[in-house]
Number of protein chains: 2
Amino acid sequence: MSLRYAVLAALVHGEATGYELAKRFDAGVANFWHARPQQIYAELTRLHESELVRATEVPQRNRPTKRVFALTDAGVAELVAFAAAPKQPTALRDELMVAVQAADVVDPDVLVEALDRQAERARRKLAHFRDVERSILSGRTEEEFVRTTRHLGPYLTCRAGIRLETETAQWCAWAIELLRARQGRDQAPKANCPTA
Amino acid sequence: MSLRYAVLAALVHGEATGYELAKRFDAGVANFWHARPQQIYAELTRLHESELVRATEVPQRNRPTKRVFALTDAGVAELVAFAAAPKQPTALRDELMVAVQAADVVDPDVLVEALDRQAERARRKLAHFRDVERSILSGRTEEEFVRTTRHLGPYLTCRAGIRLETETAQWCAWAIELLRARQGRDQAPKANCPTA
DNA sequence: CGTCACATGTAAAAGGTTACATGATTCG
DNA sequence: CGAATCATGTAACCTTTTACATGTGACG
């Protein structure tokens with residue numbers, strides 16, 4: 001039932017089409033909830049039926065008509081109620097970590113490659129979040145910003161994303177080092193000592 | 001299909017009962033995958049049918065007979081194949097973050113309370129991971145450990161958990177500060193200026 | 001001339017959660 | 001004497017993923 005609130009929350013700071021929301025949730029750009037486009041479209045339909053969002057059809061030349069969604073007052077009220085309700089703990093599912101947990105039985109080279117890809121992905125997301133941060137602050141210091149903004153929410157979650165992706169990239173680099181260090185023990189002899 | 005591999009990975013470093021695995025996956029103690037007990041039992045049944053794990057029935061006095069599961073060679077092979085296959089990006093679902101994203105329309109006190117609970121949860125998990133780390137290293141330095149261990153996997157994921165929970169607790173504290181700072185602007189006048 | 005971005009969905013299958021069920025023992 | 005721990009599941013329901021479907025315009 002939480003996708004409902006995730007979509008509402010994504011609309012707090014302005015209207016959007018299903019397509020735009022889908023990109024945020026699918027690309028992992030929304031750093032707090034993940035969902036596929038099909039889910040977003042279905043959820044928007046349901047939210048519209050419940051009148052928690054209103055839809056405006058915008059005809060376009062040479063493109064399909066799009067529906068722009070915005071929160072209704074009832075939608076805002078729903079979010080307020082959600083915020084007050086007890087939260088489920090964070091649910092994490094990470095295939096790479098499953099592979100890493102099995103590090104002692106799998107090929108280290110394969111793991112290092114996967115860790116490299118993960119680190120690269122983290123750096124890309126980090127760059128994105130830094131852009132978002134810059135555009136949110138738009139020149140103000142954090143102190144100035146906090147006292148004047150109506151966009152504290154996005155700033156807080158953006159900072160969470162920055163911290164998370166920074167950590168991820170650093171951890172990957174550290175893990176790669178350790179795997180290589182151990183490989184050094186196992187494989188250097190093969191290269192250095194033809195007798196082995 | 002990944003729960004399958006998560007369970008196999010959890011068995012790499014020793015046998016366990018469904019009950020023990022269920023605790024690890026449910027309590028969020030397994031820091032890389034989340035699953036409910038019912039899922040674990042069902043998955044173990046399937047893994048057993050596929051002969052990726054073997055089960056040993058252990059009768060106990062005054063307790064129901066338990067089934068202790070261990071990886072078979074085929075199970076290890078399955079894990080090796082999984083490690084080499086492309087990984088899906090990390091999927092995160094965090095209800096608290098949804099509420100934080102909506103910070104500009106919800107009651108700040110309610111959010112601060114929720115952030116406090118999250119920080120507390122993070123500190124508890126952190127304490128647990130530190131215990132695990134200590135018991136893995138058991139007095140050795142990291143360098144010694146890496147050169148001699150067959151338990152690098154658990155150490156790597158444990159360190160990821162430590163970093164993640166540390167970050168989470170710090171971010172929560174920072175977010176609380178910012179919310180309070182903004183509240184100061186809105187609410188201090190109410191107390192200090194009876195004219196307002 | 002192929003592929004990407006825009007823009008929206010349906011339908012079937014897989015995966016995950018919630019509620020329920022059982023039953024002894026130990027701890028406070 | 002009630003609650004938590006050990007130990008295992010079934011059944012119904014809800015959520016999520018995957019595969020499929022459609023059509024134009026811009027870019028290289």
# chains A, B, ... in the order shown; residues from 1 in each chain; ligands from 1

$ residues_around --residues "DT15 (chain D)" --least-positions-apart "5" --cutoff "9 Å" --atoms "only C-alpha atoms (C1' of nucleotides)" --output "list in words"
Met1 of chain A; DG15, DG16 and DT17 of chain C

$ residues_around --residues "region 37-50 of chain B" --least-positions-apart "3" --cutoff "7 Å" --atoms "only C-alpha atoms (C1' of nucleotides)" --output "PyMOL selection string"
chain B and resi 4+18+22+26+53-54

$ atom_distance --atom1 "CA of Asp94 (chain B)" --atom2 "CA of Ala35 (chain A)"
12.3 Å

$ closest_atom_pairs --of "chain C" --to "chain A" --cutoff "12 Å" --atoms "only C-alpha atoms (C1' of nucleotides)" --output "CSV"
residue,atom,partner,partner_atom,distance
C:DA5,C1',A:Tyr19,CA,10.8
C:DC6,C1',A:Arg63,CA,7.0
C:DA7,C1',A:Pro64,CA,5.9
C:DT8,C1',A:Tyr41,CA,7.9
C:DG9,C1',A:Tyr41,CA,7.5
C:DT10,C1',A:Gln38,CA,9.6
C:DA11,C1',A:Gln38,CA,11.8
C:DG16,C1',A:Ala91,CA,11.9
C:DT17,C1',A:Met1,CA,11.0

$ atom_distance --atom1 "CA of Glu177 (chain B)" --atom2 "CA of Ala83 (chain A)"
18.3 Å

$ residues_around --residues "Arg117 (chain B)" --least-positions-apart "2" --cutoff "12 Å" --atoms "only C-alpha atoms (C1' of nucleotides)" --output "ChimeraX atom specification"
/A:86-89 /B:96,110-115,119-124,168-169,172-173,176

$ select_by_dssp --residues "chain A" --states "helix (DSSP H, G or I)" --output "ChimeraX atom specification"
/A:2-10,18-26,37-49,73-84,95-101,108-137,142-148,152-192

$ write_last_selection --atoms "C-alpha atoms" --output "compact mmCIF listing (two decimals), in the first residue's frame"
# COMPACT_ATOMS: atom_id res chain seq x y z
CA SER A 2 2.98 2.34 0.24
CA LEU A 3 3.54 2.98 -3.42
CA ARG A 4 0.42 5.08 -3.13
CA TYR A 5 2.14 7.42 -0.67
CA ALA A 6 5.42 7.39 -2.53
CA VAL A 7 3.63 8.69 -5.63
CA LEU A 8 1.74 11.31 -3.62
CA ALA A 9 5.01 12.43 -2.01
CA ALA A 10 6.62 12.73 -5.43
CA GLY A 18 3.00 9.41 -15.37
CA TYR A 19 5.91 9.25 -17.74
CA GLU A 20 7.97 11.71 -15.70
CA LEU A 21 7.17 9.97 -12.43
CA ALA A 22 7.93 6.60 -13.99
CA LYS A 23 11.41 7.79 -14.94
CA ARG A 24 12.12 9.02 -11.42
CA PHE A 25 10.96 5.79 -9.81
CA ASP A 26 12.41 3.40 -12.36
CA PRO A 37 6.41 2.43 -15.08
CA GLN A 38 3.43 0.06 -15.25
CA GLN A 39 3.02 0.32 -11.51
CA ILE A 40 3.10 4.11 -11.62
CA TYR A 41 0.42 4.32 -14.32
CA ALA A 42 -1.80 1.88 -12.44
CA GLU A 43 -1.31 3.73 -9.17
CA LEU A 44 -2.09 7.11 -10.76
CA THR A 45 -5.33 5.68 -12.14
CA ARG A 46 -6.29 4.48 -8.66
CA LEU A 47 -5.30 7.77 -7.02
CA HIS A 48 -7.38 9.60 -9.59
CA GLU A 49 -10.40 7.39 -8.89
CA ASP A 73 -6.39 18.69 -0.84
CA ALA A 74 -7.56 15.18 -0.03
CA GLY A 75 -4.26 13.91 -1.42
CA VAL A 76 -2.28 16.19 0.87
CA ALA A 77 -4.42 15.08 3.82
CA GLU A 78 -3.71 11.45 2.93
CA LEU A 79 0.03 12.16 3.02
CA VAL A 80 -0.25 13.91 6.36
CA ALA A 81 -2.05 10.89 7.78
CA PHE A 82 0.59 8.57 6.33
CA ALA A 83 3.40 10.54 7.93
CA ALA A 84 1.80 10.11 11.35
CA GLU A 95 21.79 -9.00 -5.42
CA LEU A 96 25.40 -7.85 -5.38
CA MET A 97 25.50 -8.25 -1.60
CA VAL A 98 24.22 -11.79 -1.96
CA ALA A 99 27.14 -12.54 -4.26
CA VAL A 100 29.57 -10.82 -1.89
CA GLN A 101 28.26 -12.84 1.05
CA PRO A 108 37.09 -13.23 -7.05
CA ASP A 109 37.57 -11.73 -10.53
CA VAL A 110 33.87 -12.04 -11.24
CA LEU A 111 33.07 -10.32 -7.94
CA VAL A 112 35.54 -7.52 -8.55
CA GLU A 113 33.94 -6.86 -11.91
CA ALA A 114 30.48 -6.71 -10.36
CA LEU A 115 31.74 -4.40 -7.61
CA ASP A 116 33.27 -2.15 -10.24
CA ARG A 117 29.97 -1.86 -12.05
CA GLN A 118 28.20 -1.09 -8.78
CA ALA A 119 30.76 1.60 -7.92
CA GLU A 120 30.34 3.14 -11.36
CA ARG A 121 26.57 3.17 -10.96
CA ALA A 122 26.94 4.80 -7.54
CA ARG A 123 29.19 7.52 -8.98
CA ARG A 124 26.67 8.28 -11.71
CA LYS A 125 23.82 8.53 -9.20
CA LEU A 126 26.02 10.66 -6.97
CA ALA A 127 26.73 13.08 -9.81
CA HIS A 128 23.01 13.30 -10.44
CA PHE A 129 22.20 13.99 -6.79
CA ARG A 130 24.88 16.67 -6.64
CA ASP A 131 23.21 18.38 -9.61
CA VAL A 132 19.87 18.17 -7.85
CA GLU A 133 21.42 19.56 -4.66
CA ARG A 134 22.96 22.48 -6.53
CA SER A 135 19.67 23.31 -8.22
CA ILE A 136 17.80 23.10 -4.89
CA LEU A 137 20.23 25.34 -3.02
CA GLU A 142 22.33 25.63 3.78
CA GLU A 143 21.46 27.94 6.67
CA GLU A 144 19.87 30.57 4.41
CA PHE A 145 18.10 27.87 2.49
CA VAL A 146 16.57 26.13 5.52
CA ARG A 147 15.13 29.39 6.84
CA THR A 148 13.42 30.31 3.58
CA LEU A 152 13.12 21.06 2.61
CA GLY A 153 11.80 17.55 1.89
CA PRO A 154 13.59 17.08 -1.42
CA TYR A 155 16.77 18.53 0.06
CA LEU A 156 16.71 16.06 2.96
CA THR A 157 16.13 13.03 0.73
CA CYS A 158 18.68 14.29 -1.79
CA ARG A 159 21.30 14.54 0.96
CA ALA A 160 20.39 11.00 2.04
CA GLY A 161 21.02 9.90 -1.54
CA ILE A 162 24.37 11.69 -1.65
CA ARG A 163 25.49 10.07 1.58
CA LEU A 164 24.27 6.63 0.53
CA GLU A 165 25.92 6.67 -2.89
CA THR A 166 29.16 8.10 -1.49
CA GLU A 167 29.30 5.29 1.04
CA THR A 168 28.43 2.69 -1.59
CA ALA A 169 31.23 3.81 -3.90
CA GLN A 170 33.74 3.87 -1.05
CA TRP A 171 32.70 0.49 0.27
CA CYS A 172 32.98 -1.03 -3.23
CA ALA A 173 36.50 0.34 -3.62
CA TRP A 174 37.47 -1.05 -0.21
CA ALA A 175 35.93 -4.45 -0.95
CA ILE A 176 37.79 -4.65 -4.27
CA GLU A 177 41.05 -3.89 -2.48
CA LEU A 178 40.49 -6.67 0.04
CA LEU A 179 39.56 -9.18 -2.65
CA ARG A 180 42.68 -8.27 -4.59
CA ALA A 181 44.81 -8.49 -1.46
CA ARG A 182 43.59 -12.02 -0.90
CA GLN A 183 44.01 -12.90 -4.55
CA GLY A 184 47.62 -11.71 -4.22
CA ARG A 185 48.16 -14.47 -1.66
CA ASP A 186 46.55 -17.12 -3.85
CA GLN A 187 47.72 -16.14 -7.28
CA ALA A 188 50.99 -14.24 -7.02
CA PRO A 189 52.81 -17.52 -6.27
CA LYS A 190 51.49 -18.93 -9.53
CA ALA A 191 53.21 -16.08 -11.37
CA ASN A 192 56.32 -15.76 -9.19

$ atom_distance --atom1 "CA of Asn31 (chain A)" --atom2 "C1' of DT18 (chain D)"
23.1 Å

$ select_by_dssp --residues "region 6-83 of chain A" --states "strand (DSSP E)" --output "list in words"
Ala16, Thr17, Val53, Arg54, Ala55, Thr56, Glu57, Val58, Pro59, Gln60, Arg63, Pro64, Thr65, Lys66, Arg67, Val68, Phe69, Ala70 and Leu71 of chain A

$ interface_residues --of "chain D" --to "chain B" --cutoff "10 Å" --atoms "only C-alpha atoms (C1' of nucleotides)" --output "PyMOL selection string"
chain D and resi 6-10

$ write_last_selection --atoms "N, CA and C atoms (P, O5', C5', C4', C3', O3' and C1' of nucleotides)" --output "PDB file, in the first residue's frame"
ATOM      1  P    DC D   6      15.116 -18.698  20.327  1.00  0.00           P
ATOM      2  O5'  DC D   6      14.477 -20.145  20.101  1.00  0.00           O
ATOM      3  C5'  DC D   6      14.802 -21.209  21.000  1.00  0.00           C
ATOM      4  C4'  DC D   6      13.938 -22.406  20.669  1.00  0.00           C
ATOM      5  C3'  DC D   6      14.120 -22.952  19.239  1.00  0.00           C
ATOM      6  O3'  DC D   6      14.336 -24.348  19.305  1.00  0.00           O
ATOM      7  C1'  DC D   6      11.837 -22.658  19.746  1.00  0.00           C
ATOM      8  P    DA D   7      15.124 -25.090  18.169  1.00  0.00           P
ATOM      9  O5'  DA D   7      14.071 -25.054  16.959  1.00  0.00           O
ATOM     10  C5'  DA D   7      13.163 -26.155  16.832  1.00  0.00           C
ATOM     11  C4'  DA D   7      12.049 -25.904  15.870  1.00  0.00           C
ATOM     12  C3'  DA D   7      12.339 -25.220  14.524  1.00  0.00           C
ATOM     13  O3'  DA D   7      12.714 -26.187  13.555  1.00  0.00           O
ATOM     14  C1'  DA D   7      10.121 -24.827  15.387  1.00  0.00           C
ATOM     15  P    DT D   8      12.717 -25.800  11.982  1.00  0.00           P
ATOM     16  O5'  DT D   8      11.183 -25.850  11.556  1.00  0.00           O
ATOM     17  C5'  DT D   8      10.463 -27.057  11.719  1.00  0.00           C
ATOM     18  C4'  DT D   8       9.010 -26.889  11.345  1.00  0.00           C
ATOM     19  C3'  DT D   8       8.765 -26.475   9.897  1.00  0.00           C
ATOM     20  O3'  DT D   8       8.393 -27.574   9.092  1.00  0.00           O
ATOM     21  C1'  DT D   8       7.275 -25.429  11.442  1.00  0.00           C
ATOM     22  P    DG D   9       8.592 -27.551   7.543  1.00  0.00           P
ATOM     23  O5'  DG D   9       7.671 -26.307   7.130  1.00  0.00           O
ATOM     24  C5'  DG D   9       6.610 -26.584   6.324  1.00  0.00           C
ATOM     25  C4'  DG D   9       5.280 -26.195   7.015  1.00  0.00           C
ATOM     26  C3'  DG D   9       4.307 -25.633   5.988  1.00  0.00           C
ATOM     27  O3'  DG D   9       3.616 -26.723   5.412  1.00  0.00           O
ATOM     28  C1'  DG D   9       4.152 -24.558   8.138  1.00  0.00           C
ATOM     29  P    DT D  10       3.030 -26.434   3.916  1.00  0.00           P
ATOM     30  O5'  DT D  10       1.577 -25.869   4.275  1.00  0.00           O
ATOM     31  C5'  DT D  10       0.718 -26.539   5.184  1.00  0.00           C
ATOM     32  C4'  DT D  10      -0.626 -25.805   5.198  1.00  0.00           C
ATOM     33  C3'  DT D  10      -1.166 -25.468   3.810  1.00  0.00           C
ATOM     34  O3'  DT D  10      -2.576 -25.663   3.842  1.00  0.00           O
ATOM     35  C1'  DT D  10      -0.860 -23.472   5.054  1.00  0.00           C
TER      36       DT D  10
END

$ closest_residue --among "A:Ala70, A:Val58, A:Val106, A:Ala27" --to "chain B" --atoms "only C-alpha atoms"
A:Val106

$ closest_residue --among "B:Val68, B:His13, B:Gln60, B:Trp33" --to "chain A" --atoms "only C-alpha atoms"
B:Trp33
